[in-house]
Amino acid sequence: MSHRKDTDYLSISARIHAMETRMLTKERMERMIDAKDNSEVVKVLEECGYGEPSGMDKRSLEEMLARARETAFREIGGAAPDRGLTAVFQLRYDYHNAKVLVKAQLRGTDPGPLLLSGGRYDPEKLLAGWERDELSECSQTYRFAIQEARQVLADTKDAQQADLVLDRACYAEMDQLARETGSSFLQGYVRLVIDSTNLRTAVRCGRQAQDSEFVLSVLLPGGNVSPRTIAATKVEDLGELFQSGPLAAAAAMGAKMLQPDAGSLTRFEGACDDAVTAYMSQAKRIPFGEQTVIGYLYAKELELTAVRIILSGRMAGLDRGTIRSRLRATYV
């Protein structure tokens with residue numbers, strides 16, 4: 001367990017507060033959405049430190065976002081007293097790559113183009129190790145999860161079952177890393193993300209009329225609310241189950257998703273995301289400490305997602321209202 005003090009984060013906190021002034025605010029997002037041409041979009045991106053993209057196409061967009069993601073993790077990971085803070089946010093890219101490798105092997109396809117940078121493990125080195133069946137530089141949890149997912153996929157040919165194996169390992173390792181940092185704030189974030197994921201799963205299963213046994217089999221352990229409790233609760237009662245926590249509003253909305261006129265899950269899923277953002281926004285009230293680092297890393301992920309939504313929407317010719325409806329609450 002880490003025993004670092006908040007004063008150990010004085011320097012990096014000051015640096016992050018300066019970096020936050022260049023982040024994508026609500027006002028900057030509106031400018032990008034309302035821009036008459038791409039020159040104004042590029043201007044906003046440059047204000048946020050992205051530089052001019054090589055082009056306005058999907059490939060150029062993903063390359064730009066990948067560079068920004070790698071830079072953020074490298075800068076914060078190298079300067080923060082505890083690298084475990086950054087690792088918690090890198091895990092999703094490692095496990096995305098694990099899913100790509102396992103499925104590509106079964107299908108006999110090249111996984112290279114689908115691997116993402118930004119994780120703890122360099123994609124090229126990970127692929128080379130995979131091809132040699134040598135992943136000794138990866139964590140034990142990661143190695144075992146890949147082996148299990150590969151076996152499950154080979155036995156069942158069910159990609160969802162293999163994904164579930166890797167998702168369970170991802171959140172288990174996320175919880176482990178958060179505990180090792182000693183940050184109660186980071187541990188609270190991980191538990192809330194698991195709760196949010198389980199709430200979404202319960203609502204989707206309810207709409208598909210899945211029984212409680214199936215629901216229990218696809219829920220993740222480690223949240224504030226146990227999987228068994230969620231599985232035993234009817235969808236229409238989820239609001240009561242989560243009423244005392246950050247997901248109260250989202251759960252109340254999810255409880256109504258079985259109604260014939262409920263429509264899509266977009267607003268409900270947005271409410272789940274916004275609940276996590278509201279929790280993380282508490283970090284803004286703390287002048288220095290690990291919370292500042294954690295909040296910034298989360299905010300950067302939100303920013304990258306927002307940039308992707310806005311630019312992809314513009315490329316697809318979507319109207320401004322549609323683009324705005326897909327955005328989430330901002331951190332800064």
# chains A, B, ... in the order shown; residues from 1 in each chain; ligands from 1
$ residues_around --residues "Ala178 of chain A" --least-positions-apart "3" --cutoff "8 Å" --atoms "only C-alpha atoms" --output "ChimeraX atom specification"
/A:84-85,88,174-175,181-183,186-187,190
$ residues_around --residues "segment 264-271 of chain A" --least-positions-apart "6" --cutoff "7 Å" --atoms "only C-alpha atoms" --output "PyMOL selection string"
chain A and resi 250+253-254+328
$ write_last_selection --atoms "all heavy atoms" --output "compact mmCIF listing (two decimals), in the first residue's frame"
# COMPACT_ATOMS: atom_id res chain seq x y z
N ALA A 250 -29.79 7.89 -12.42
CA ALA A 250 -29.65 6.96 -13.55
C ALA A 250 -30.48 5.70 -13.32
O ALA A 250 -31.14 5.20 -14.24
CB ALA A 250 -28.18 6.60 -13.75
N MET A 253 -34.10 6.30 -13.85
CA MET A 253 -34.37 6.37 -15.28
C MET A 253 -34.37 4.97 -15.89
O MET A 253 -35.23 4.61 -16.71
CB MET A 253 -33.30 7.24 -15.96
CG MET A 253 -33.62 7.64 -17.38
SD MET A 253 -32.32 8.71 -18.08
CE MET A 253 -32.43 10.13 -16.97
N GLY A 254 -33.40 4.14 -15.46
CA GLY A 254 -33.32 2.78 -15.97
C GLY A 254 -34.53 1.94 -15.58
O GLY A 254 -34.95 1.05 -16.34
N ARG A 328 -21.47 14.09 -23.32
CA ARG A 328 -21.70 13.88 -21.90
C ARG A 328 -21.33 15.16 -21.12
O ARG A 328 -20.77 16.09 -21.69
CB ARG A 328 -20.84 12.72 -21.38
CG ARG A 328 -21.11 11.39 -22.08
CD ARG A 328 -22.52 10.91 -21.77
NE ARG A 328 -22.74 9.54 -22.23
CZ ARG A 328 -23.54 9.20 -23.20
NH1 ARG A 328 -24.19 10.14 -23.89
NH2 ARG A 328 -23.72 7.92 -23.54
$ closest_residue --among "A:Thr330, A:Thr305, A:Asn224, A:Asn38" --to "Gly188 of chain A" --atoms "only C-alpha atoms"
A:Asn224
$ closest_residue --among "A:Glu30, A:Asp274, A:Glu63, A:Glu213" --to "Ile323 of chain A" --atoms "only C-alpha atoms"
A:Glu30
$ residues_around --residues "Phe73 of chain A" --least-positions-apart "6" --cutoff "12 Å" --atoms "only C-alpha atoms" --output "list in words"
Ala66, Arg67, Ala79, Ala80, Arg83, Gly84, Leu85, Thr86, Ala87, Val88, Phe89, Gln90, Leu91, Tyr93, Ser117, Gly118, Gly119, Arg120, Val293, Ile294, Tyr296, Leu297, Tyr298, Lys300 and Glu301 of chain A
$ residues_around --residues "Gly55 of chain A" --least-positions-apart "5" --cutoff "12 Å" --atoms "only C-alpha atoms" --output "PyMOL selection string"
chain A and resi 38-39+41-42+60-64+311+315
$ residues_around --residues "Leu126 of chain A" --least-positions-apart "6" --cutoff "9 Å" --atoms "only C-alpha atoms" --output "compact mmCIF listing (two decimals) with N, CA and C atoms, in the first residue's frame"
# COMPACT_ATOMS: atom_id res chain seq x y z
N ASN A 97 -6.98 -4.65 -26.27
CA ASN A 97 -6.01 -5.35 -27.12
C ASN A 97 -6.06 -6.85 -26.89
N LEU A 135 4.31 -13.80 -22.89
CA LEU A 135 3.81 -12.54 -22.35
C LEU A 135 4.31 -12.33 -20.92
N CYS A 138 3.91 -9.07 -18.99
CA CYS A 138 2.57 -8.63 -18.60
C CYS A 138 2.22 -9.15 -17.20
$ residues_around --residues "segment 12-16 of chain A" --least-positions-apart "3" --cutoff "12 Å" --atoms "only C-alpha atoms" --output "JSON, numbers by chain"
{"A": [6, 7, 8, 9, 19, 20, 21, 22, 23, 72, 75, 76, 77, 78, 79, 80, 81, 82, 283, 284, 286, 287, 288, 289, 290, 291, 292, 293, 294, 295, 296, 297, 299, 300]}
$ residues_around --residues "Tyr171 of chain A" --least-positions-apart "3" --cutoff "12 Å" --atoms "only C-alpha atoms" --output "compact mmCIF listing (two decimals) with all heavy atoms, in the first residue's frame"
# COMPACT_ATOMS: atom_id res chain seq x y z
N VAL A 88 -4.32 2.58 -13.71
CA VAL A 88 -5.74 2.26 -13.59
C VAL A 88 -6.50 2.70 -14.84
O VAL A 88 -7.41 2.01 -15.30
CB VAL A 88 -6.34 2.92 -12.32
CG1 VAL A 88 -7.87 2.89 -12.36
CG2 VAL A 88 -5.83 2.23 -11.07
N PHE A 89 -6.10 3.83 -15.41
CA PHE A 89 -6.79 4.35 -16.59
C PHE A 89 -6.25 3.74 -17.89
O PHE A 89 -6.91 3.81 -18.92
CB PHE A 89 -6.66 5.87 -16.64
CG PHE A 89 -7.42 6.56 -15.54
CD1 PHE A 89 -6.82 6.81 -14.32
CD2 PHE A 89 -8.74 6.91 -15.71
CE1 PHE A 89 -7.52 7.42 -13.29
CE2 PHE A 89 -9.46 7.51 -14.69
CZ PHE A 89 -8.85 7.77 -13.47
N GLN A 90 -5.07 3.14 -17.84
CA GLN A 90 -4.50 2.50 -19.02
C GLN A 90 -5.04 1.10 -19.26
O GLN A 90 -4.97 0.58 -20.37
CB GLN A 90 -2.97 2.43 -18.87
CG GLN A 90 -2.28 3.77 -18.93
CD GLN A 90 -0.77 3.64 -18.77
OE1 GLN A 90 -0.27 3.36 -17.69
NE2 GLN A 90 -0.04 3.83 -19.87
N LEU A 91 -5.58 0.50 -18.21
CA LEU A 91 -6.01 -0.90 -18.29
C LEU A 91 -6.99 -1.17 -19.42
O LEU A 91 -6.93 -2.21 -20.07
CB LEU A 91 -6.65 -1.31 -16.96
CG LEU A 91 -5.71 -1.75 -15.83
CD1 LEU A 91 -6.51 -1.94 -14.56
CD2 LEU A 91 -4.99 -3.02 -16.20
N ARG A 92 -7.90 -0.25 -19.64
CA ARG A 92 -8.94 -0.50 -20.65
C ARG A 92 -8.34 -0.74 -22.04
O ARG A 92 -8.90 -1.50 -22.84
CB ARG A 92 -9.93 0.66 -20.69
CG ARG A 92 -9.40 1.95 -21.26
CD ARG A 92 -10.37 3.08 -21.07
NE ARG A 92 -10.57 3.38 -19.65
CZ ARG A 92 -11.52 4.20 -19.21
NH1 ARG A 92 -12.37 4.74 -20.05
NH2 ARG A 92 -11.63 4.45 -17.93
N ASP A 94 -5.24 -2.03 -22.56
CA ASP A 94 -4.61 -3.35 -22.52
C ASP A 94 -5.64 -4.45 -22.76
O ASP A 94 -5.39 -5.39 -23.52
CB ASP A 94 -3.95 -3.58 -21.15
CG ASP A 94 -2.73 -2.71 -20.93
OD1 ASP A 94 -2.05 -2.39 -21.90
OD2 ASP A 94 -2.47 -2.35 -19.77
N TYR A 95 -6.78 -4.33 -22.11
CA TYR A 95 -7.78 -5.39 -22.23
C TYR A 95 -8.54 -5.32 -23.55
O TYR A 95 -9.04 -6.34 -24.04
CB TYR A 95 -8.71 -5.39 -21.02
CG TYR A 95 -8.07 -6.08 -19.83
CD1 TYR A 95 -7.30 -5.36 -18.92
CD2 TYR A 95 -8.18 -7.45 -19.66
CE1 TYR A 95 -6.67 -5.99 -17.85
CE2 TYR A 95 -7.56 -8.10 -18.60
CZ TYR A 95 -6.81 -7.37 -17.70
OH TYR A 95 -6.18 -8.01 -16.65
N THR A 141 -2.39 -11.45 -13.78
CA THR A 141 -3.83 -11.39 -14.02
C THR A 141 -4.13 -11.30 -15.51
O THR A 141 -5.03 -11.97 -16.03
CB THR A 141 -4.45 -10.18 -13.29
OG1 THR A 141 -4.20 -10.29 -11.89
CG2 THR A 141 -5.95 -10.11 -13.54
N TYR A 142 -3.36 -10.47 -16.20
CA TYR A 142 -3.56 -10.27 -17.63
C TYR A 142 -3.26 -11.55 -18.41
O TYR A 142 -4.04 -11.96 -19.27
CB TYR A 142 -2.64 -9.15 -18.09
CG TYR A 142 -2.88 -8.64 -19.49
CD1 TYR A 142 -3.97 -7.83 -19.78
CD2 TYR A 142 -1.99 -8.94 -20.54
CE1 TYR A 142 -4.19 -7.35 -21.06
CE2 TYR A 142 -2.19 -8.45 -21.82
CZ TYR A 142 -3.29 -7.66 -22.08
OH TYR A 142 -3.50 -7.18 -23.35
N ALA A 145 -5.93 -14.22 -17.76
CA ALA A 145 -7.20 -13.86 -18.38
C ALA A 145 -7.18 -14.15 -19.88
O ALA A 145 -8.17 -14.65 -20.45
CB ALA A 145 -7.52 -12.40 -18.12
N LEU A 164 -16.43 -11.41 -21.55
CA LEU A 164 -16.79 -11.35 -20.14
C LEU A 164 -15.62 -11.79 -19.26
O LEU A 164 -15.37 -11.19 -18.21
CB LEU A 164 -18.01 -12.22 -19.87
CG LEU A 164 -18.54 -12.21 -18.43
CD1 LEU A 164 -18.90 -10.79 -17.99
CD2 LEU A 164 -19.74 -13.13 -18.30
N VAL A 165 -14.90 -12.81 -19.69
CA VAL A 165 -13.71 -13.25 -18.94
C VAL A 165 -12.72 -12.11 -18.82
O VAL A 165 -12.18 -11.84 -17.74
CB VAL A 165 -13.06 -14.46 -19.65
CG1 VAL A 165 -11.67 -14.74 -19.05
CG2 VAL A 165 -13.94 -15.69 -19.53
N LEU A 166 -12.49 -11.42 -19.92
CA LEU A 166 -11.51 -10.33 -19.93
C LEU A 166 -12.03 -9.11 -19.18
O LEU A 166 -11.25 -8.40 -18.52
CB LEU A 166 -11.14 -9.97 -21.37
CG LEU A 166 -10.34 -11.08 -22.08
CD1 LEU A 166 -10.29 -10.82 -23.59
CD2 LEU A 166 -8.92 -11.17 -21.52
N ASP A 167 -13.33 -8.85 -19.25
CA ASP A 167 -13.90 -7.73 -18.50
C ASP A 167 -13.76 -7.96 -17.00
O ASP A 167 -13.41 -7.05 -16.25
CB ASP A 167 -15.38 -7.54 -18.86
CG ASP A 167 -15.57 -6.90 -20.23
OD1 ASP A 167 -14.62 -6.26 -20.72
OD2 ASP A 167 -16.67 -7.04 -20.80
N ARG A 168 -14.04 -9.16 -16.57
CA ARG A 168 -13.90 -9.48 -15.14
C ARG A 168 -12.47 -9.27 -14.69
O ARG A 168 -12.21 -8.71 -13.61
CB ARG A 168 -14.33 -10.92 -14.88
CG ARG A 168 -15.83 -11.17 -14.97
CD ARG A 168 -16.15 -12.62 -14.61
NE ARG A 168 -17.57 -12.91 -14.78
CZ ARG A 168 -18.50 -12.64 -13.89
NH1 ARG A 168 -18.15 -12.05 -12.75
NH2 ARG A 168 -19.77 -12.92 -14.10
N MET A 174 -8.11 -3.57 -12.02
CA MET A 174 -8.31 -2.16 -11.74
C MET A 174 -8.49 -1.94 -10.24
O MET A 174 -7.91 -1.01 -9.65
CB MET A 174 -9.54 -1.65 -12.51
CG MET A 174 -9.71 -0.14 -12.50
SD MET A 174 -11.21 0.38 -13.41
CE MET A 174 -10.74 -0.06 -15.09
N ASP A 175 -9.29 -2.80 -9.63
CA ASP A 175 -9.52 -2.72 -8.19
C ASP A 175 -8.23 -2.97 -7.42
O ASP A 175 -7.92 -2.27 -6.45
CB ASP A 175 -10.58 -3.74 -7.78
CG ASP A 175 -10.85 -3.75 -6.28
OD1 ASP A 175 -11.33 -2.73 -5.76
OD2 ASP A 175 -10.54 -4.77 -5.64
N GLN A 176 -7.46 -3.95 -7.87
CA GLN A 176 -6.21 -4.28 -7.22
C GLN A 176 -5.23 -3.10 -7.27
O GLN A 176 -4.62 -2.73 -6.26
CB GLN A 176 -5.57 -5.50 -7.88
CG GLN A 176 -4.18 -5.85 -7.35
CD GLN A 176 -3.48 -6.90 -8.21
OE1 GLN A 176 -4.11 -7.61 -8.99
NE2 GLN A 176 -2.18 -6.99 -8.07
N LEU A 177 -5.08 -2.51 -8.45
CA LEU A 177 -4.16 -1.39 -8.61
C LEU A 177 -4.61 -0.19 -7.79
O LEU A 177 -3.78 0.52 -7.20
CB LEU A 177 -4.06 -1.01 -10.08
CG LEU A 177 -3.33 -2.00 -11.00
CD1 LEU A 177 -3.43 -1.55 -12.45
CD2 LEU A 177 -1.87 -2.14 -10.59
N ALA A 178 -5.92 0.05 -7.75
CA ALA A 178 -6.43 1.18 -6.97
C ALA A 178 -6.14 0.98 -5.49
O ALA A 178 -5.75 1.92 -4.78
CB ALA A 178 -7.94 1.34 -7.20
N GLN A 187 -10.26 4.26 -5.33
CA GLN A 187 -11.01 3.03 -5.06
C GLN A 187 -12.52 3.29 -5.19
O GLN A 187 -13.26 2.45 -5.72
CB GLN A 187 -10.68 2.52 -3.67
CG GLN A 187 -9.26 2.00 -3.53
CD GLN A 187 -8.89 1.70 -2.09
OE1 GLN A 187 -9.61 0.97 -1.40
NE2 GLN A 187 -7.78 2.24 -1.62
N TYR A 189 -13.87 5.49 -7.14
CA TYR A 189 -14.12 5.61 -8.58
C TYR A 189 -14.30 4.24 -9.22
O TYR A 189 -15.25 4.01 -9.98
CB TYR A 189 -12.97 6.35 -9.24
CG TYR A 189 -12.88 6.16 -10.73
CD1 TYR A 189 -13.80 6.74 -11.60
CD2 TYR A 189 -11.87 5.37 -11.29
CE1 TYR A 189 -13.72 6.55 -12.98
CE2 TYR A 189 -11.78 5.18 -12.65
CZ TYR A 189 -12.70 5.76 -13.49
OH TYR A 189 -12.61 5.56 -14.85
N VAL A 190 -13.41 3.31 -8.89
CA VAL A 190 -13.48 1.97 -9.48
C VAL A 190 -14.79 1.28 -9.09
O VAL A 190 -15.46 0.69 -9.93
CB VAL A 190 -12.27 1.12 -9.04
CG1 VAL A 190 -12.44 -0.33 -9.49
CG2 VAL A 190 -10.97 1.70 -9.60
N ARG A 191 -15.16 1.37 -7.82
CA ARG A 191 -16.42 0.76 -7.38
C ARG A 191 -17.61 1.37 -8.10
O ARG A 191 -18.56 0.66 -8.49
CB ARG A 191 -16.59 0.91 -5.86
CG ARG A 191 -15.63 0.05 -5.04
CD ARG A 191 -16.08 -0.01 -3.58
NE ARG A 191 -16.10 1.31 -2.96
CZ ARG A 191 -15.06 1.85 -2.33
NH1 ARG A 191 -13.91 1.20 -2.27
NH2 ARG A 191 -15.16 3.04 -1.77
N LEU A 192 -17.58 2.68 -8.30
CA LEU A 192 -18.69 3.35 -8.98
C LEU A 192 -18.76 2.95 -10.45
O LEU A 192 -19.86 2.75 -10.99
CB LEU A 192 -18.54 4.87 -8.85
CG LEU A 192 -19.63 5.73 -9.51
CD1 LEU A 192 -21.01 5.34 -8.98
CD2 LEU A 192 -19.36 7.21 -9.26
N VAL A 193 -17.63 2.81 -11.10
CA VAL A 193 -17.61 2.38 -12.50
C VAL A 193 -18.18 0.97 -12.62
O VAL A 193 -18.94 0.67 -13.56
CB VAL A 193 -16.17 2.43 -13.07
CG1 VAL A 193 -16.11 1.74 -14.42
CG2 VAL A 193 -15.71 3.87 -13.20
N ILE A 194 -17.84 0.11 -11.67
CA ILE A 194 -18.40 -1.25 -11.69
C ILE A 194 -19.91 -1.21 -11.47
O ILE A 194 -20.68 -1.90 -12.16
CB ILE A 194 -17.71 -2.12 -10.62
CG1 ILE A 194 -16.23 -2.34 -11.00
CG2 ILE A 194 -18.42 -3.47 -10.48
CD1 ILE A 194 -15.42 -3.04 -9.94
N ASP A 195 -20.35 -0.40 -10.52
CA ASP A 195 -21.80 -0.25 -10.29
C ASP A 195 -22.50 0.25 -11.55
O ASP A 195 -23.58 -0.24 -11.91
CB ASP A 195 -22.05 0.75 -9.16
CG ASP A 195 -21.86 0.15 -7.78
OD1 ASP A 195 -21.92 -1.08 -7.64
OD2 ASP A 195 -21.64 0.93 -6.83
N THR A 197 -21.52 -0.04 -14.66
CA THR A 197 -21.51 -1.12 -15.66
C THR A 197 -22.58 -2.15 -15.35
O THR A 197 -23.32 -2.61 -16.24
CB THR A 197 -20.13 -1.78 -15.70
OG1 THR A 197 -19.13 -0.81 -16.00
CG2 THR A 197 -20.09 -2.89 -16.75
N ASN A 198 -22.70 -2.53 -14.09
CA ASN A 198 -23.71 -3.53 -13.69
C ASN A 198 -25.13 -3.00 -13.86
O ASN A 198 -26.04 -3.74 -14.24
CB ASN A 198 -23.47 -3.95 -12.24
CG ASN A 198 -22.30 -4.90 -12.09
OD1 ASN A 198 -21.85 -5.51 -13.07
ND2 ASN A 198 -21.79 -5.04 -10.88
N LEU A 219 -22.87 -10.15 -14.44
CA LEU A 219 -22.53 -8.98 -13.62
C LEU A 219 -21.11 -9.09 -13.07
O LEU A 219 -20.55 -10.19 -12.95
CB LEU A 219 -23.52 -8.84 -12.46
CG LEU A 219 -24.97 -8.53 -12.85
CD1 LEU A 219 -25.84 -8.47 -11.61
CD2 LEU A 219 -25.05 -7.22 -13.63
N LEU A 220 -20.52 -7.94 -12.74
CA LEU A 220 -19.15 -7.89 -12.27
C LEU A 220 -19.09 -7.71 -10.75
O LEU A 220 -19.85 -6.92 -10.19
CB LEU A 220 -18.42 -6.70 -12.92
CG LEU A 220 -18.36 -6.69 -14.44
CD1 LEU A 220 -17.89 -5.32 -14.93
CD2 LEU A 220 -17.44 -7.78 -14.96
N PRO A 221 -18.20 -8.40 -10.08
CA PRO A 221 -18.03 -8.19 -8.64
C PRO A 221 -17.18 -6.94 -8.39
O PRO A 221 -16.51 -6.43 -9.30
CB PRO A 221 -17.27 -9.44 -8.20
CG PRO A 221 -16.46 -9.82 -9.41
CD PRO A 221 -17.33 -9.47 -10.61
N GLY A 222 -17.21 -6.44 -7.15
CA GLY A 222 -16.33 -5.34 -6.79
C GLY A 222 -16.98 -3.99 -6.64
O GLY A 222 -16.32 -3.03 -6.27
N GLY A 223 -18.28 -3.90 -6.91
CA GLY A 223 -18.96 -2.61 -6.78
C GLY A 223 -19.49 -2.39 -5.37
O GLY A 223 -19.29 -3.19 -4.46
